[in-house]
There are 4 protein chains.
Amino acid sequence: MKVGFVGLGDMGLAMAENLRRAGHDVTVYNRTRARAAALSGVRVARTPGEAAAGADAVISMLADDSAVEQVILAPGGVAESLGAGAIHAGMSTVSHELTRRLAAEHAARRQQYVAAPVFGRPDAARSAKLWIVAGGPGAAIERCRPLFDAMGQGTEVVGDDPVRAAVIKIAGNFLLAAAIEALGEAFALARKHGIAPAQLLEIVNGRLLRSPVYENYGKLIAEERFDPPGFRLRHGLKDAKLALQAGEDVAAPLPIASLARDRYLAAMAQGWGDLDWAALARVSALAAGLEGPIANPVASR
Amino acid sequence: MKVGFVGLGDMGLAMAENLRRAGHDVTVYNRTRARAAALSGVRVARTPGEAAAGADAVISMLADDSAVEQVILAPGGVAESLGAGAIHAGMSTVSHELTRRLAAEHAARRQQYVAAPVFGRPDAARSAKLWIVAGGPGAAIERCRPLFDAMGQGTEVVGDDPVRAAVIKIAGNFLLAAAIEALGEAFALARKHGIAPAQLLEIVNGRLLRSPVYENYGKLIAEERFDPPGFRLRHGLKDAKLALQAGEDVAAPLPIASLARDRYLAAMAQGWGDLDWAALARVSALAAGLEGPIANPVASR
Amino acid sequence: MKVGFVGLGDMGLAMAENLRRAGHDVTVYNRTRARAAALSGVRVARTPGEAAAGADAVISMLADDSAVEQVILAPGGVAESLGAGAIHAGMSTVSHELTRRLAAEHAARRQQYVAAPVFGRPDAARSAKLWIVAGGPGAAIERCRPLFDAMGQGTEVVGDDPVRAAVIKIAGNFLLAAAIEALGEAFALARKHGIAPAQLLEIVNGRLLRSPVYENYGKLIAEERFDPPGFRLRHGLKDAKLALQAGEDVAAPLPIASLARDRYLAAMAQGWGDLDWAALARVSALAAGLEGPIANPVASR
Amino acid sequence: MKVGFVGLGDMGLAMAENLRRAGHDVTVYNRTRARAAALSGVRVARTPGEAAAGADAVISMLADDSAVEQVILAPGGVAESLGAGAIHAGMSTVSHELTRRLAAEHAARRQQYVAAPVFGRPDAARSAKLWIVAGGPGAAIERCRPLFDAMGQGTEVVGDDPVRAAVIKIAGNFLLAAAIEALGEAFALARKHGIAPAQLLEIVNGRLLRSPVYENYGKLIAEERFDPPGFRLRHGLKDAKLALQAGEDVAAPLPIASLARDRYLAAMAQGWGDLDWAALARVSALAAGLEGPIANPVASR
């Protein structure tokens with residue numbers, strides 16, 4: 001298929017590469033054009049619109065709502081150039097409101113919108129092991145399937161409404177953040193009782209929870225491997241806010257998301273925003289007196 | 001081995017039965033004596049002390065700290081009658097302070113104390129699939145191993161200090177409560193967006209977390225199967241308090257445990273204390289306006 | 001002075017009336033034009049721009065950021081028609097970002113922006129007893145002083161930067177919300193121990209806190225007088241969000257604001273959004289089992 | 001009157017001195033006997049029982065439940081020696097359960113128990129400006145009135161049941177802790193926006209809340225005067241726990257008390273337990289990155 005791909009972050013780069021490997025005809029766009037140099041065998045567009053022109057489908061993998069608005073909806077963006085009947089598959093994690101708006105804007109131009117956010121970190125993107133949650137018109141999802149198959153290990157179709165896919169992705173990231181926060185608290189408790197986090201993890205996850213997610217994040221935290229980040233803490237904050245926003249719109253309080261947001265902010269205040277989001281656990285350690293001096297505290301007023 | 005067994009709740013009854021089946025010579029004690037009628041092939045003691053007299057080991061599986069103090073340490077209790085060199089294996093979930101005190105009291109009588117709390121619900125107890133976390137003198141743990149093997153599928157030895165086993169069990173239950181609370185919040189969010197909890201669970205746990213714990217509790221919550229309880233909500237509250245207490249003693253704040261405690265209390269106030277602790281999720285539903293009228297609200301003062 | 005006044009809610013209507021009484025030449029604009037009928041002796045504009053044209057100063061008293069953007073910054077709005085050198089005094093409670101943006105947009109048009117949010121409920125607006133917190137160019141504030149004096153009992157000047165006034169107002173409302181939430185929790189505790197909220201209030205505020213704010217809100221809560229609202233709960237939610245946003249931008253976690261936001265959402269989910277924001281206390285009563293059946297619970301999905 | 005006084009902390013010393021000044025015949029007991037040297041004109045007992053023997057009334061002003069149990073109920077304590085018909089007025093802040101138990105134990109000995117906890121810090125104790133909340137048999141309270149008048153500026157009688165006085169005191173301290181926590185958060189927000197806490201306080205309390213409590217604690221926090229403590233942070237933690245316990249017994253969740261407890265623990269972990277409880281505000285500053293290096297962080301594991 002003729003595919004436009006916008007957004008070449010750690011995730012996007014790997015996904016675009018997998019599309020090319022699968023034999024698709026890929027044109028990429030990235031704001032920082034140099035990122036595209038890492039890819040061979042693709043065309044490089046100078047504008048998002050150029051990546052969209054003539055494409056069967058455009059895939060976006062961008063940082064946040066604001067980047068999506070800029071690259072898709074702003075003048076010169078994807079929506080302007082995408083042909084009638086062509087598809088935009090939004091694979092970023094964005095708000096449910098923006099998802100609703102994208103569906104409306106594309107429909108108004110007789111284009112189709114599929115929300116297809118992914119679960120998986122950059123290593124899963126590289127090995128085409130992402131899980132894709134797809135919401136949108138059934139026929140459009142089917143046309144995207146070869147693309148999804150090239151990037152992921154499976155696609156869960158959740159119905160006609162792209163907003164469902166967005167909310168499921170947001171709820172999923174919320175559950176991950178809750179698990180990371182809980183591990184951080186449990187490890188701080190254990191450490192202060194002289195128990196190594198690795199031992200607690202081995203027993204509680206090894207015997208009880210038996211979750212690869214607890215395993216992976218538990219190890220990152222136990223071994224304090226937060227750099228380089230697989231997923232940045234500041235993006236974790238963004239996702240906690242997406243959850244809170246999704247909850248607010250339907251009047252559903254999410255106290256663990258509120259707690260996580262406060263902890264992310266405390267982490268940001270320590271300068272940890274570009275560590276892996278597993279560094280959320282360091283806030284529990286800080287509160288328990290287990291963290292050493294802060295390198296560069298903000299001057300007192 | 002000659003074994004005393006005190007505490008015949010849902011868990012204890014199944015565990016005692018498995019000990020008997022494995023060929024051990026079992027004497028049981030339960031405050032409500034009629035419970036013992038469910039067991040054949042065991043002797044029934046009239047006092048805890050009688051169950052302990054002459055035993056190689058006494059196993060306790062009681063509701064909480066206060067029951068353990070009553071049955072083990074009070075006059076006429078296990079400690080008074082247990083022989084020198086004999087072992088008390090405490091398999092209940094109790095506080096780290098009581099664990100420390102039990103170790104000291106037994107040591108003062110030249111008895112041995114092994115803390116051996118278990119992970120698993122009554123069905124795991126019946127099928128001898130419990131996981132046992134054992135802390136205490138190595139030789140004592142080894143002597144208990146045939147007993148543990150008859151009741152569980154594995155024993156994790158965590159060192160000489162019984163308090164380590166107590167804290168690991170407490171931290172484990174804290175992680176379970178955090179998972180249940182997080183599921184409750186995520187499901188309320190999903191429901192108000194028109195997404196069935198079962199679908200969210202299938203994707204997020206099926207593809208991502210892949211944890212039997214999320215699977216089991218997720219299903220209980222999605223299907224609102226809270227009665228009969230596998231583990232009562234009021235005992236979940238007790239365990240949240242054990243975590244908070246363990247945190248307090250070492251100055252480790254546990255905000256998710258604080259949140260869970262508040263939610264358990266809200267559940268108690270609705271009269272849900274004897275439902276399964278997965279009913280914690282109903283508090284999220286209540287706060288989101290998804291729960292119907294409360295049957296018997298306390299009259300407004 | 002020749003004054004434009006935009007926004008005739010409960011607060012704005014009273015403030016505009018006081019300006020007129022003080023002899024100012026007032027032109028009002030309100031989206032729902034009929035509201036202006038309550039005022040005599042004022043001109044009624046058909047657009048915000050018409051209210052601004054030729055005015056020495058325009059005062060805005062609108063519901064939220066979005067209303068301010070619409071009425072001030074959108075085409076046909078105040079900014080377009082306000083003369084060079086004229087002043088916009090924004091007296092609504094809005095975000096610190098919008099405040100920053102208003103200052104920039106007005107400066108770009110050689111207009112002056114004064115942020116002048118107020119403390120006080122509609123009764124204080126009617127009796128010209130508001131407290132005004134003014135931030136902006138000193139000379140502009142001085143020119144507004146006769147207007148402020150006609151509406152309030154005092155004006156606190158907090159410097160050149162309008163954002164300071166916005167943040168102080170946001171922090172002030174945060175402290176009020178915290179006080180209301182704390183009262184709600186304390187009253188629920190007292191009621192369940194058989195102690196009347198009024199008695200607790202009399203002792204704790206009468207002897208200790210001695211604050212008219214605790215007195216007023218304490219009475220509203222104790223007597224369950226939430227309707228008609230002085231300040232709507234849904235606006236309290238808005239202000240909690242302004243505080244969270246102001247905290248987020250500088251990485252300052254505000255856990256009580258997070259808690260209040262969750263409680264406001266719970267109140268919204270019960271259908272209490274248009275009660276007085278003191279009804280936040282009903283969420284504590286609900287959680288404690290003291291509230292009766294919810295009239296129309298959302299059907300369980 | 002012939003009065004026994006047990007507990008000569010900062011509060012008790014000042015209170016006993018005021019009793020003596022008012023002409024009462026005072027016998028004091030303190031665990032650390034040297035404290036009594038600061039008082040002239042009183043008798044010094046060697047045991048609590050000795051202070052109680054022959055007294056018309058014994059007043060206790062002790063640190064916590066455990067100290068009260070030790071000094072009043074243990075062998076050799078006050079209860080053993082107090083005469084039939086004599087009164088024990090417990091002025092410490094203790095749990096509602098211990099209050100209930102004291103009432104029962106004294107009643108069993110035909111003694112009378114009045115719970116009479118006080119609001120006020122050591123300076124108020126010295127100047128006889130305490131507020132006393134008295135619960136117990138009316139006649140016993142009347143007999144105590146000359147004593148209360150010598151120590152305080154007023155006594156609020158709250159009925160026959162001493163537990164009511166205990167709960168009101170606990171709820172009052174909860175409201176104070178909530179106010180301190182809220183101030184700490186608001187100040188951190190203000191500081192990071194470049195606004196001095198003193199300015200925020202002047203406006204928000206000076207114009208709006210108008211509470212001497214906000215004024216005093218606001219100044220302590222703004223000026224970082226936490227040492228010497230008027231009321232130690234570790235006692236604030238104790239009181240948060242009393243509130244949580246009082247809430248738990250009646251199934252009333254108190255999320256601000258839970259939050260405060262977590263923040264107190266974070267403060268304890270930084271080594272701030274013996275600062276004034278207003279130092280709770282430093283936890284908000286720490287989380288916002290405003291606090292400098294921790295002097296002696298706990299070694300990493």
# chains A, B, ... in the order shown; residues from 1 in each chain; ligands from 1
>>> residues_around(residues="Asn173 (chain A)", least_positions_apart="5", cutoff="9 Å", atoms="only C-alpha atoms", output="PyMOL selection string")
(chain A and resi 119+168+178+236+239-240+243) or (chain B and resi 204)
>>> write_last_selection(atoms="C-alpha atoms", output="CSV table (one decimal), in the first residue's frame")
chain,number,residue,atom,x,y,z
A,119,PHE,CA,0.4,-1.0,23.8
A,168,ILE,CA,-9.4,1.7,26.3
A,178,ALA,CA,-1.2,2.4,39.0
A,236,GLY,CA,3.4,9.4,31.8
A,239,ASP,CA,-1.3,10.1,30.1
A,240,ALA,CA,-2.4,10.5,33.7
A,243,ALA,CA,-7.2,9.6,32.1
B,204,VAL,CA,-5.6,-4.9,29.0
>>> residues_around(residues="Glu50 (chain B)", least_positions_apart="4", cutoff="8 Å", atoms="only C-alpha atoms", output="list in words")
Ala45, Arg46, Val78 and Ser81 of chain B
>>> closest_residue(among="A:Ala188, A:Ala166, A:Ile180, A:Val118", to="chain D", atoms="only C-alpha atoms")
A:Ala188
>>> closest_residue(among="C:Asp249, C:Asp262, C:Glu185, C:Glu291", to="chain A", atoms="only C-alpha atoms")
C:Asp262
>>> select_by_dssp(residues="region 136-301 of chain D", states="strand (DSSP E or B)", output="compact mmCIF listing (two decimals) with N, CA and C atoms, in the first residue's frame")
# COMPACT_ATOMS: atom_id res chain seq x y z
N GLY D 152 -8.04 28.09 81.95
CA GLY D 152 -8.52 28.44 80.61
C GLY D 152 -9.37 29.69 80.59
N GLN D 153 -9.73 30.09 79.40
CA GLN D 153 -10.58 31.26 79.27
C GLN D 153 -12.05 30.88 79.10
N GLY D 154 -12.31 29.57 79.03
CA GLY D 154 -13.70 29.17 78.89
C GLY D 154 -13.81 27.66 78.80
N THR D 155 -14.95 27.13 79.22
CA THR D 155 -15.18 25.70 79.19
C THR D 155 -16.48 25.42 78.44
N GLU D 156 -16.39 24.60 77.43
CA GLU D 156 -17.58 24.20 76.69
C GLU D 156 -18.03 22.85 77.21
N VAL D 157 -19.22 22.80 77.74
CA VAL D 157 -19.72 21.53 78.28
C VAL D 157 -20.52 20.83 77.17
N ARG D 232 4.73 19.34 68.75
CA ARG D 232 5.64 18.58 67.91
C ARG D 232 4.93 17.87 66.76
N ASP D 276 8.05 21.85 64.99
CA ASP D 276 6.64 22.18 65.17
C ASP D 276 5.83 21.51 64.07
>>> atom_distance(atom1="CA of Gly54 (chain B)", atom2="CA of Gly83 (chain B)")
6.4 Å
>>> closest_atom_pairs(of="chain D", to="chain B", cutoff="10 Å", atoms="only C-alpha atoms", output="tab-separated table")
residue	atom	partner	partner_atom	distance
D:Leu237	CA	B:Glu248	CA	9.9
D:Leu244	CA	B:Asp262	CA	9.3
D:Gly247	CA	B:Leu265	CA	8.6
D:Glu248	CA	B:Leu265	CA	6.7
D:Asp249	CA	B:Leu265	CA	9.3
D:Val250	CA	B:Ala269	CA	7.9
D:Ala251	CA	B:Leu265	CA	5.0
D:Ala252	CA	B:Leu265	CA	6.3
D:Pro253	CA	B:Asp262	CA	4.8
D:Leu254	CA	B:Asp262	CA	6.8
D:Pro255	CA	B:Asp262	CA	6.5
D:Ala257	CA	B:Ser258	CA	9.4
D:Ser258	CA	B:Ser258	CA	5.7
D:Leu259	CA	B:Pro255	CA	7.3
D:Arg261	CA	B:Pro253	CA	8.0
D:Asp262	CA	B:Pro253	CA	4.8
D:Arg263	CA	B:Pro253	CA	7.3
D:Tyr264	CA	B:Pro253	CA	8.5
D:Leu265	CA	B:Ala251	CA	5.0
D:Ala266	CA	B:Pro253	CA	6.2
D:Ala267	CA	B:Ala251	CA	8.4
D:Met268	CA	B:Ala251	CA	6.1
D:Ala269	CA	B:Ala251	CA	5.2
D:Gln270	CA	B:Ala251	CA	9.0
D:Gly271	CA	B:Ala251	CA	9.7
>>> select_by_dssp(residues="region 114-300 of chain D", states="alpha helix (DSSP H)", output="PyMOL selection string")
chain D and resi 122-126+138-151+162-192+197-203+212-222+233-249+255-269+280-287
>>> residues_around(residues="region 18-30 of chain B", least_positions_apart="5", cutoff="8 Å", atoms="only C-alpha atoms", output="PyMOL selection string")
chain B and resi 1-8+35-36+41-48+51+126+128+147+150-151
>>> residues_around(residues="region 96-111 of chain B", least_positions_apart="6", cutoff="8 Å", atoms="only C-alpha atoms", output="compact mmCIF listing (two decimals) with C-alpha atoms, in the first residue's frame")
# COMPACT_ATOMS: atom_id res chain seq x y z
CA ASP B 65 -3.80 -10.18 65.58
CA ALA B 79 2.47 -21.08 73.98
CA LEU B 82 3.88 -26.35 73.44
CA GLY B 83 6.92 -28.43 74.27
CA ALA B 84 10.47 -27.15 74.31
CA GLY B 85 11.95 -27.47 70.82
CA ALA B 86 8.51 -27.71 69.21
CA ILE B 87 7.47 -25.30 66.51
CA HIS B 88 4.67 -22.84 66.07
CA PRO B 162 10.03 -14.12 60.76
CA VAL B 163 9.30 -10.38 60.41
CA ALA B 166 5.25 -10.95 57.61
CA VAL B 167 6.26 -7.81 55.72
CA LEU B 242 -1.36 -3.82 58.53
CA ALA B 246 4.22 -1.50 58.73
>>> atom_distance(atom1="CA of Asp161 (chain B)", atom2="CA of Gly135 (chain B)")
5.5 Å
>>> residues_around(residues="Glu215 (chain C)", least_positions_apart="4", cutoff="9 Å", atoms="only C-alpha atoms", output="ChimeraX atom specification")
/C:201-202,205-206,210-211,219-220
>>> residues_around(residues="Glu181 (chain D)", least_positions_apart="6", cutoff="8 Å", atoms="only C-alpha atoms", output="PDB file with N, CA and C atoms, in the first residue's frame")
ATOM      1  N   ALA D 260      -2.851  13.730  55.409  1.00  0.00           N
ATOM      2  CA  ALA D 260      -1.997  14.347  56.418  1.00  0.00           C
ATOM      3  C   ALA D 260      -1.090  13.301  57.050  1.00  0.00           C
ATOM      4  N   LEU D 280       4.836  20.411  58.688  1.00  0.00           N
ATOM      5  CA  LEU D 280       4.117  19.618  57.685  1.00  0.00           C
ATOM      6  C   LEU D 280       4.196  20.319  56.325  1.00  0.00           C
ATOM      7  N   ALA D 281       4.174  21.646  56.353  1.00  0.00           N
ATOM      8  CA  ALA D 281       4.227  22.429  55.112  1.00  0.00           C
ATOM      9  C   ALA D 281       5.521  22.193  54.336  1.00  0.00           C
TER      10      ALA D 281
END
>>> residues_around(residues="Ala171 (chain A)", least_positions_apart="6", cutoff="8 Å", atoms="only C-alpha atoms", output="list of chain:residue names")
A:Ala243, B:Ala186, B:Leu189, B:Ala190
>>> closest_residue(among="B:Ala196, B:Pro212, B:Ile256, B:Arg121", to="Trp277 (chain B)", atoms="only C-alpha atoms")
B:Arg121
>>> decode(residues="region 69-131 of chain C", atoms="C-alpha atoms", output="tab-separated table (two decimals), in the first residue's frame")
chain	number	residue	atom	x	y	z
C	69	GLU	CA	-11.94	33.91	25.08
C	70	GLN	CA	-15.28	34.15	23.30
C	71	VAL	CA	-16.29	37.56	24.58
C	72	ILE	CA	-12.91	39.27	24.70
C	73	LEU	CA	-10.65	37.70	22.09
C	74	ALA	CA	-12.93	36.28	19.40
C	75	PRO	CA	-13.82	38.35	16.33
C	76	GLY	CA	-16.38	40.96	17.30
C	77	GLY	CA	-15.12	40.82	20.86
C	78	VAL	CA	-13.92	43.44	23.30
C	79	ALA	CA	-10.29	43.46	22.22
C	80	GLU	CA	-11.18	44.36	18.67
C	81	SER	CA	-13.10	47.51	19.61
C	82	LEU	CA	-11.39	48.77	22.74
C	83	GLY	CA	-9.52	51.99	22.11
C	84	ALA	CA	-5.75	52.41	22.42
C	85	GLY	CA	-4.88	53.29	25.98
C	86	ALA	CA	-8.18	51.98	27.31
C	87	ILE	CA	-8.26	49.31	29.98
C	88	HIS	CA	-9.72	45.85	30.26
C	89	ALA	CA	-10.15	44.85	33.88
C	90	GLY	CA	-10.75	41.11	34.02
C	91	MET	CA	-12.56	40.35	37.28
C	92	SER	CA	-13.49	36.73	36.54
C	93	THR	CA	-11.56	33.85	38.03
C	94	VAL	CA	-9.62	32.50	35.06
C	95	SER	CA	-6.48	30.51	34.48
C	96	HIS	CA	-3.04	32.01	34.85
C	97	GLU	CA	-2.33	31.11	31.20
C	98	LEU	CA	-5.33	32.98	29.88
C	99	THR	CA	-4.32	35.88	32.10
C	100	ARG	CA	-0.88	35.88	30.51
C	101	ARG	CA	-2.42	35.70	27.06
C	102	LEU	CA	-4.88	38.52	27.73
C	103	ALA	CA	-2.02	40.74	28.91
C	104	ALA	CA	-0.12	39.98	25.70
C	105	GLU	CA	-3.06	40.41	23.36
C	106	HIS	CA	-4.10	43.72	24.88
C	107	ALA	CA	-0.51	44.97	24.91
C	108	ALA	CA	-0.21	44.13	21.23
C	109	ARG	CA	-3.15	46.45	20.63
C	110	ARG	CA	-1.78	49.15	22.93
C	111	GLN	CA	-4.60	48.47	25.37
C	112	GLN	CA	-3.95	47.77	29.05
C	113	TYR	CA	-4.89	44.68	30.96
C	114	VAL	CA	-5.55	44.58	34.66
C	115	ALA	CA	-6.36	41.25	36.32
C	116	ALA	CA	-8.71	42.09	39.17
C	117	PRO	CA	-10.39	38.95	40.43
C	118	VAL	CA	-12.64	39.25	43.47
C	119	PHE	CA	-13.30	37.40	46.69
C	120	GLY	CA	-16.90	37.39	47.78
C	121	ARG	CA	-20.25	35.79	47.00
C	122	PRO	CA	-23.29	37.45	45.36
C	123	ASP	CA	-24.42	39.02	48.62
C	124	ALA	CA	-21.03	40.71	48.96
C	125	ALA	CA	-21.30	41.84	45.34
C	126	ARG	CA	-24.70	43.40	46.03
C	127	SER	CA	-23.52	45.24	49.11
C	128	ALA	CA	-20.28	46.36	47.40
C	129	LYS	CA	-18.24	44.39	49.90
C	130	LEU	CA	-16.04	42.46	47.49
C	131	TRP	CA	-12.30	42.24	48.01
